[in-house]
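This report refers to the structure that appears directly beneath it.
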Amino acid sequence: MAILSVRHVSRSFEGLVALNDVSIDVEPETIVGVIGPNGAGKTTLFNILTGFYRPTSGEVWFLDKRVDGLPMHKIAAAGISRTFQNIRLFSNMTAIENVLVGQHLHLGTNIATAVLRPPATTRAERRAVEQSAEHLRFAGLAGRENELARNLAYGEQRRLEIARALAVRPRLLLLDEPTAGMNAGESMAMMKLIRELRDDLQVTVILIEHQMRVVMGVCERISVLDYGEKIAEGTPSEVQRDQRVIEAYLGTGQLKRQDAGS
Amino acid sequence: MEQWIQLTIDGITLGGVYAVIALGYTLVYGVLRMINFAHGELFMMGAFGGFYTLDAFENHTTMNDSLPSLTIALAIFAGMGTSVILAILMERLAYRPLRHAPRLAPLISAIGVSILLRNLMLRWTNARRQVFPQVFPRGSIEIGDVNVTYIRIFLVALSILFMLLLYIFIQRTKTGTAIRAVAEDRDTAALMGIDVDRTIVLTFVSGAALAGAAGVCYAMYTTNAAAGMGFLPGIKAFTAAVLGGIGSVPGAMFGGYFLGLSESYSTKLIGAQYKDVVAFVLLVLVLIFRPWGFFGKREDRRA
């Protein structure tokens, strides 16, 4: 039983087809990779899954509910969260405040309880702070709670995005190039974190990734997009042997695609 | 010496009013990157909301004589309610349809709403000033050689109270956190499960509640309400918000007091007739030399 089912989804922008009849099923608690050359439609797919775009046609089902066309906050509440390729933190908030933004929605503090501070509110807030700190610890950011997000190191900001995404208690987490710009050591640590997301928190993970070492190392299933179409799907070793994938990445004959694998 | 103390008290009184109105500009700018030029009219409509409520009661009861504090509270709540309802309508009808239009479109729409409301009230009042019922107890206390009326003390205290409440609201409540998140990054906030449309409405509501309360208090202080009363305080509060750094809550508070005090001192230093000029000279200077204000952030151009 798939947790996420993308059914014949297409999306075009003023005539330009970004996704064309893409169908992907994702089993619960798997780590799935989405790969493909630049412009293949990977981020468009993420934007459709999170409700930032509506598909031009097709359906998205999540936990047996149709979610395409829902407003973003409803999809988030349903249990889909994401990180961004170009990090988008609340840069003027501290690390823990970033996580608390997600947590706060499960609280219910209003102006009366904020002023009068009944014990229940104090307790709930303390719990939210503890839980946020726990998310930060999980993402390897213990001790950095009160640092402004914009002052964190690059790798830490990527981790903070994951911690923040966890605050909305997702069942499905979409990671857009989680190791972009990282060196080998940082990439290894990120791969470990991605496995822990699944193993310890039972979160299903879909990631867009260009570093083949990461994709092959951490993903159990891979879908390959090219020019908006799904050209292959399978385990890492199946995908590596697929003729169409090799062509998409290396080109046929004289034409070599410049951006392949970057 | 006592003259300077008197001017300081004047400045703080006026500054508090500016600050409370300025918060509305800054909050809305924070989430929408738009100046709500009809905000001064929310202030004016709040004053009339209070006025007509008192007017309706005055003929029937003697509540005013027996319970002045209740009457005052009633007037303030009526003013807040009027402004809040108007702000919700304004957002829904004049701004939300233009959410994805070029930035100039909602601005023009705001100016249109401002003109519309002012003229509606001009028509309704036959362009006459309405004398605000004398609900506030007359009288004053002496601080040293300086005479301070009760209403002034009330105004200063109330503006500080409102600012404190707003600060707690923004920093500590669920809605406040949502407002801050939407102000920083609307899409990411939505991704965190925040209902952006609802948050934008609540931002208008918070600003309008403050403007409505300020309108009633200002009308009590000046003892009249008029259709044009929102214009100058509105544009000065806008100046205050820009002075402090538009989008910044502490900035709006600082800007309000700074402007109030500057105006007040200038009546002695330059002459009372130049009082309004001071505000706009300050606005021009800030826009030239420090357009992001005292507390604002330098905004990077976005691609």
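Chain identifiers are assigned as A, B, and so on, following the order in which chains appear in the structure tokens; residues are numbered from 1 within each chain, and ligands are numbered from 1 in order of appearance.
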
| task | Just the strand (DSSP E) stuff from range 142-184 of chain B, please, per backbone DSSP, written as a VMD selection string. | result | chain B and resid 142 to 143 146 to 149

Please, which residues in range 180-235 of chain A fall within 10 Å of range 145-158 of chain A when counting only C-alpha atoms, and what is the closest atom pair and distance in Å to one decimal for each, ordered by chain then residue number, as a tab-separated table?
```
residue	atom	partner	partner_atom	distance
A:Ala180	CA	A:Arg158	CA	9.2
A:Gly181	CA	A:Gly155	CA	8.5
A:Met182	CA	A:Gly155	CA	7.0
A:Asn183	CA	A:Gly155	CA	9.6
A:Glu186	CA	A:Gly155	CA	7.3
A:Ser187	CA	A:Gly155	CA	9.3
A:Met190	CA	A:Gly155	CA	9.0
```

| request: Hey, list the chain B side of the contact with chain A: 10 Å cut-off, only C-alpha atoms, answer as a PyMOL selection string. | output: chain B and resi 164-166+168-178+180-185+187-196

| request: Give the alpha helix (DSSP H) residues of range 134-260 of chain B, as assigned by DSSP on the backbone, as number ranges by chain. | output: B: 150-172, 174-184, 186-191, 196-222, 231-244, 249-260
